[in-house]
Structures are given as C-alpha cells and as structure tokens.
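S.K.: Have a look at the structure that comes next, please.
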Amino acid sequence: MSAVRPMANRDTQFFWDGALAGELRLQRCEACGALRHPPGPVCPDCGALERGHVVASGRGTVYSYVIHRHPPVPGKELPILLAVIDLEEGPRMVGEIVDLPEDELVIGLPVRVDFRAVDDELSLPVWRKADA
Ligand SMILES: [Zn+2]
C-alpha cells in the first residue's frame, strides 16, 4: 500500500508519537502557555523556545473545507474531504473528514478525531462527524 507519509522532525515528532498512541497532541509554549498548531520551534506569542504539549480533547468544528476531486493522490480514493478544524482548545488544524457524504460537509459541523493506522509506525488523525 502506498500512502503519502508526513515528514516528522524535531518539532513534530511528538505529534506523530501522539497519533500512534491515539492522542491528538498540541504544542504548548512552556513560557506563556499558548497552544499552537502546526508545531514550530518558537512561540509566536512570546518568542520563547521552551515547548511541551498537551493532549487535546479531539473535538472541534469545521471552520472551512475543500473537496479534492483532482488530481489523483497515491493510495487515496477521491473525492477527499479536507477541512480546517477549529479545535475546542483554540488552534486550527487541517484534516481529512472520513465516512461522510460530501453533501453533509458544512461549516460548523461538529467533528471528533479518530486515528487511522497506516502501518506500525504511522497513524494519521482523521475526523468524523460527531454525535451532537
Ligand atoms: Zn509563549
């Protein structure tokens, strides 16, 4: 099976480790407590380099979305529903919405995270419609 593999580096390894453990992890500045996503080395709020993470609730709502119909993506069936999720904790995260008819994808839709194992070393967060 082929899949698009995300790149892990020093700043994002905790996120992918979390996905493998079934946790949605958000980077947190250890100086001012600000949460951010995507992860990065420097806090955009206070400029501090000290960083840790918290485990997010995995709940959010659809802020915006696109329906990817073309071009083909290796290992994926089209269309792919891609959304920007407003996380309960504040940061936004781009993610794939799964098991949802595309005409049910609307702004404000409540969603919850799930994890899709690609192999023993990679699990990807995906999003499902949440029971309201
Ligand atoms: Zn900070």
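In the structure tokens, the first chain shown is A, the next is B, and so on; residue numbers restart at 1 for each chain, and ligands run from 1 in the order shown.
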As a ChimeraX atom specification, please: every residue in chain A that a backbone DSSP assignment puts in alpha helix (DSSP H).
M.R.: /A:13-20
S.K.: Since we have the selection now, will you write its residues out, keeping N, CA, C and O atoms, as a PDB file, in the first residue's frame?
M.R.:
```
ATOM      1  N   GLN A  13       7.751  15.495  15.953  1.00  0.00           N
ATOM      2  CA  GLN A  13       7.762  14.084  16.358  1.00  0.00           C
ATOM      3  C   GLN A  13       6.732  13.795  17.445  1.00  0.00           C
ATOM      4  O   GLN A  13       6.068  12.761  17.411  1.00  0.00           O
ATOM      5  N   PHE A  14       6.563  14.701  18.400  1.00  0.00           N
ATOM      6  CA  PHE A  14       5.603  14.465  19.495  1.00  0.00           C
ATOM      7  C   PHE A  14       4.186  14.299  18.945  1.00  0.00           C
ATOM      8  O   PHE A  14       3.384  13.551  19.483  1.00  0.00           O
ATOM      9  N   PHE A  15       3.887  15.030  17.848  1.00  0.00           N
ATOM     10  CA  PHE A  15       2.544  14.953  17.272  1.00  0.00           C
ATOM     11  C   PHE A  15       2.285  13.562  16.704  1.00  0.00           C
ATOM     12  O   PHE A  15       1.236  12.952  16.948  1.00  0.00           O
ATOM     13  N   TRP A  16       3.279  13.042  15.962  1.00  0.00           N
ATOM     14  CA  TRP A  16       3.113  11.717  15.340  1.00  0.00           C
ATOM     15  C   TRP A  16       3.193  10.609  16.377  1.00  0.00           C
ATOM     16  O   TRP A  16       2.494   9.594  16.262  1.00  0.00           O
ATOM     17  N   ASP A  17       4.021  10.787  17.404  1.00  0.00           N
ATOM     18  CA  ASP A  17       4.033   9.828  18.509  1.00  0.00           C
ATOM     19  C   ASP A  17       2.658   9.785  19.174  1.00  0.00           C
ATOM     20  O   ASP A  17       2.164   8.726  19.559  1.00  0.00           O
ATOM     21  N   GLY A  18       2.048  10.957  19.303  1.00  0.00           N
ATOM     22  CA  GLY A  18       0.714  11.040  19.903  1.00  0.00           C
ATOM     23  C   GLY A  18      -0.319  10.310  19.066  1.00  0.00           C
ATOM     24  O   GLY A  18      -1.153   9.563  19.594  1.00  0.00           O
ATOM     25  N   ALA A  19      -0.256  10.523  17.747  1.00  0.00           N
ATOM     26  CA  ALA A  19      -1.218   9.858  16.862  1.00  0.00           C
ATOM     27  C   ALA A  19      -1.107   8.340  16.991  1.00  0.00           C
ATOM     28  O   ALA A  19      -2.115   7.630  17.024  1.00  0.00           O
ATOM     29  N   LEU A  20       0.125   7.849  17.108  1.00  0.00           N
ATOM     30  CA  LEU A  20       0.320   6.397  17.281  1.00  0.00           C
ATOM     31  C   LEU A  20      -0.290   5.927  18.599  1.00  0.00           C
ATOM     32  O   LEU A  20      -0.776   4.801  18.702  1.00  0.00           O
TER      33      LEU A  20
END
```
S.K.: Residues at most 10 Å from Pro38 of chain A, counting only C-alpha atoms, excluding those fewer than 4 positions away in the same chain, as JSON, numbers by chain?
M.R.: {"A": [11, 12, 15, 26, 27, 91, 92, 93, 94]}
S.K.: Of the residues A:Gly22, A:Gly108, A:Pro6, A:Gly52, which is the one nearest to ligand 1, using only C-alpha atoms and all ligand atoms?
M.R.: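 With only C-alpha atoms and all ligand atoms as the atom set, the closest residue is A:Gly52.
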S.K.: Set the cut-off to 8 Å, count only C-alpha atoms and all ligand atoms, and list whatever residues fall near ligand 1 as a list in words.
M.R.: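 Answer in the requested format: Arg28, Cys29, Glu30, Ala31, Cys32, Gly33, Ala34, Val42, Cys43, Pro44, Asp45, Cys46, Gly47, Ala48 and Leu49 of chain A.
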S.K.: One number please: atom CA of Ala83 of chain A to atom CA of Thr61 of chain A, in Å, one decimal.
M.R.: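 Those two atoms sit 9.4 Å apart.
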S.K.: What does the distance between atom CA of Pro125 of chain A and atom CA of Gly58 of chain A come to in Å, to one decimal place?
M.R.: 9.6 Å
S.K.: For each of A:Glu23, A:Ser57, A:Ala8, A:Glu89, take the minimum atom-to-atom distance to Gly40 of chain A, counting only C-alpha atoms, then give the residue where this is smallest.
M.R.: A:Ala8
S.K.: Restricting the calculation to only C-alpha atoms: of A:Ala130, A:Arg59, A:Gly75, A:Val106, which residue gets closest to Val118 of chain A?
M.R.: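 Answer, going by the shortest atom-to-atom distance: A:Gly75.
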S.K.: Separation of atom CA of Asp114 of chain A and atom CA of Asn9 of chain A, in Å?
M.R.: 22.6 Å
S.K.: Looking only at strand (DSSP E or B) from DSSP on the backbone, list the matching residues of segment 15-118 of chain A as number ranges by chain.
M.R.: A: 25-29, 35-36, 51-55, 59-68, 80-87, 92-97, 110-118
S.K.: If we count only C-alpha atoms and set the cut-off at 12 Å, which residues sit around Glu77 of chain A, ignoring sequence neighbours fewer than 6 positions away in its own chain? Please answer as a PDB file with all heavy atoms, in the first residue's frame.
M.R.:
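Everything below was put into selection_7.pdb:
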```
ATOM      1  N   ALA A   3       1.094   5.365   0.548  1.00  0.00           N
ATOM      2  CA  ALA A   3       0.397   6.469   1.187  1.00  0.00           C
ATOM      3  C   ALA A   3       1.346   7.641   1.243  1.00  0.00           C
ATOM      4  O   ALA A   3       2.561   7.466   1.208  1.00  0.00           O
ATOM      5  CB  ALA A   3      -0.049   6.091   2.594  1.00  0.00           C
ATOM      6  N   HIS A  68     -11.503  17.721  -2.533  1.00  0.00           N
ATOM      7  CA  HIS A  68     -10.440  17.470  -3.508  1.00  0.00           C
ATOM      8  C   HIS A  68     -10.911  16.395  -4.488  1.00  0.00           C
ATOM      9  O   HIS A  68     -11.099  15.255  -4.112  1.00  0.00           O
ATOM     10  CB  HIS A  68      -9.180  17.017  -2.759  1.00  0.00           C
ATOM     11  CG  HIS A  68      -8.023  16.735  -3.665  1.00  0.00           C
ATOM     12  ND1 HIS A  68      -7.027  17.647  -3.893  1.00  0.00           N
ATOM     13  CD2 HIS A  68      -7.713  15.654  -4.406  1.00  0.00           C
ATOM     14  CE1 HIS A  68      -6.152  17.132  -4.732  1.00  0.00           C
ATOM     15  NE2 HIS A  68      -6.539  15.929  -5.063  1.00  0.00           N
ATOM     16  N   ARG A  69     -11.092  16.796  -5.744  1.00  0.00           N
ATOM     17  CA  ARG A  69     -11.547  15.847  -6.766  1.00  0.00           C
ATOM     18  C   ARG A  69     -10.450  15.496  -7.761  1.00  0.00           C
ATOM     19  O   ARG A  69     -10.547  14.499  -8.465  1.00  0.00           O
ATOM     20  CB  ARG A  69     -12.719  16.438  -7.549  1.00  0.00           C
ATOM     21  CG  ARG A  69     -13.898  16.818  -6.684  1.00  0.00           C
ATOM     22  CD  ARG A  69     -14.994  17.464  -7.530  1.00  0.00           C
ATOM     23  NE  ARG A  69     -15.923  18.193  -6.684  1.00  0.00           N
ATOM     24  CZ  ARG A  69     -16.880  17.618  -5.972  1.00  0.00           C
ATOM     25  NH1 ARG A  69     -17.055  16.316  -6.015  1.00  0.00           N
ATOM     26  NH2 ARG A  69     -17.681  18.333  -5.209  1.00  0.00           N
ATOM     27  N   HIS A  70      -9.433  16.345  -7.861  1.00  0.00           N
ATOM     28  CA  HIS A  70      -8.395  16.190  -8.846  1.00  0.00           C
ATOM     29  C   HIS A  70      -7.209  17.023  -8.412  1.00  0.00           C
ATOM     30  O   HIS A  70      -7.420  18.107  -7.859  1.00  0.00           O
ATOM     31  CB  HIS A  70      -8.902  16.667 -10.234  1.00  0.00           C
ATOM     32  CG  HIS A  70      -7.975  16.314 -11.345  1.00  0.00           C
ATOM     33  ND1 HIS A  70      -7.956  15.074 -11.930  1.00  0.00           N
ATOM     34  CD2 HIS A  70      -7.013  17.048 -11.959  1.00  0.00           C
ATOM     35  CE1 HIS A  70      -7.022  15.059 -12.875  1.00  0.00           C
ATOM     36  NE2 HIS A  70      -6.443  16.240 -12.908  1.00  0.00           N
ATOM     37  N   PRO A  71      -5.977  16.656  -8.609  1.00  0.00           N
ATOM     38  CA  PRO A  71      -5.513  15.424  -9.258  1.00  0.00           C
ATOM     39  C   PRO A  71      -5.541  14.223  -8.307  1.00  0.00           C
ATOM     40  O   PRO A  71      -5.759  14.382  -7.114  1.00  0.00           O
ATOM     41  CB  PRO A  71      -4.059  15.775  -9.620  1.00  0.00           C
ATOM     42  CG  PRO A  71      -3.645  16.724  -8.537  1.00  0.00           C
ATOM     43  CD  PRO A  71      -4.881  17.529  -8.206  1.00  0.00           C
ATOM     44  N   VAL A  98     -13.663  11.769   7.206  1.00  0.00           N
ATOM     45  CA  VAL A  98     -13.906  10.444   6.637  1.00  0.00           C
ATOM     46  C   VAL A  98     -15.320   9.976   6.945  1.00  0.00           C
ATOM     47  O   VAL A  98     -15.960  10.432   7.896  1.00  0.00           O
ATOM     48  CB  VAL A  98     -12.880   9.410   7.165  1.00  0.00           C
ATOM     49  CG1 VAL A  98     -11.463   9.780   6.723  1.00  0.00           C
ATOM     50  CG2 VAL A  98     -12.953   9.267   8.668  1.00  0.00           C
TER      51      VAL A  98
END
```
S.K.: Which residue gives the smallest distance to Pro110 of chain A among A:Ile67, A:Ile97, A:Val62, A:Leu122, with only C-alpha atoms counted?
M.R.: A:Val62
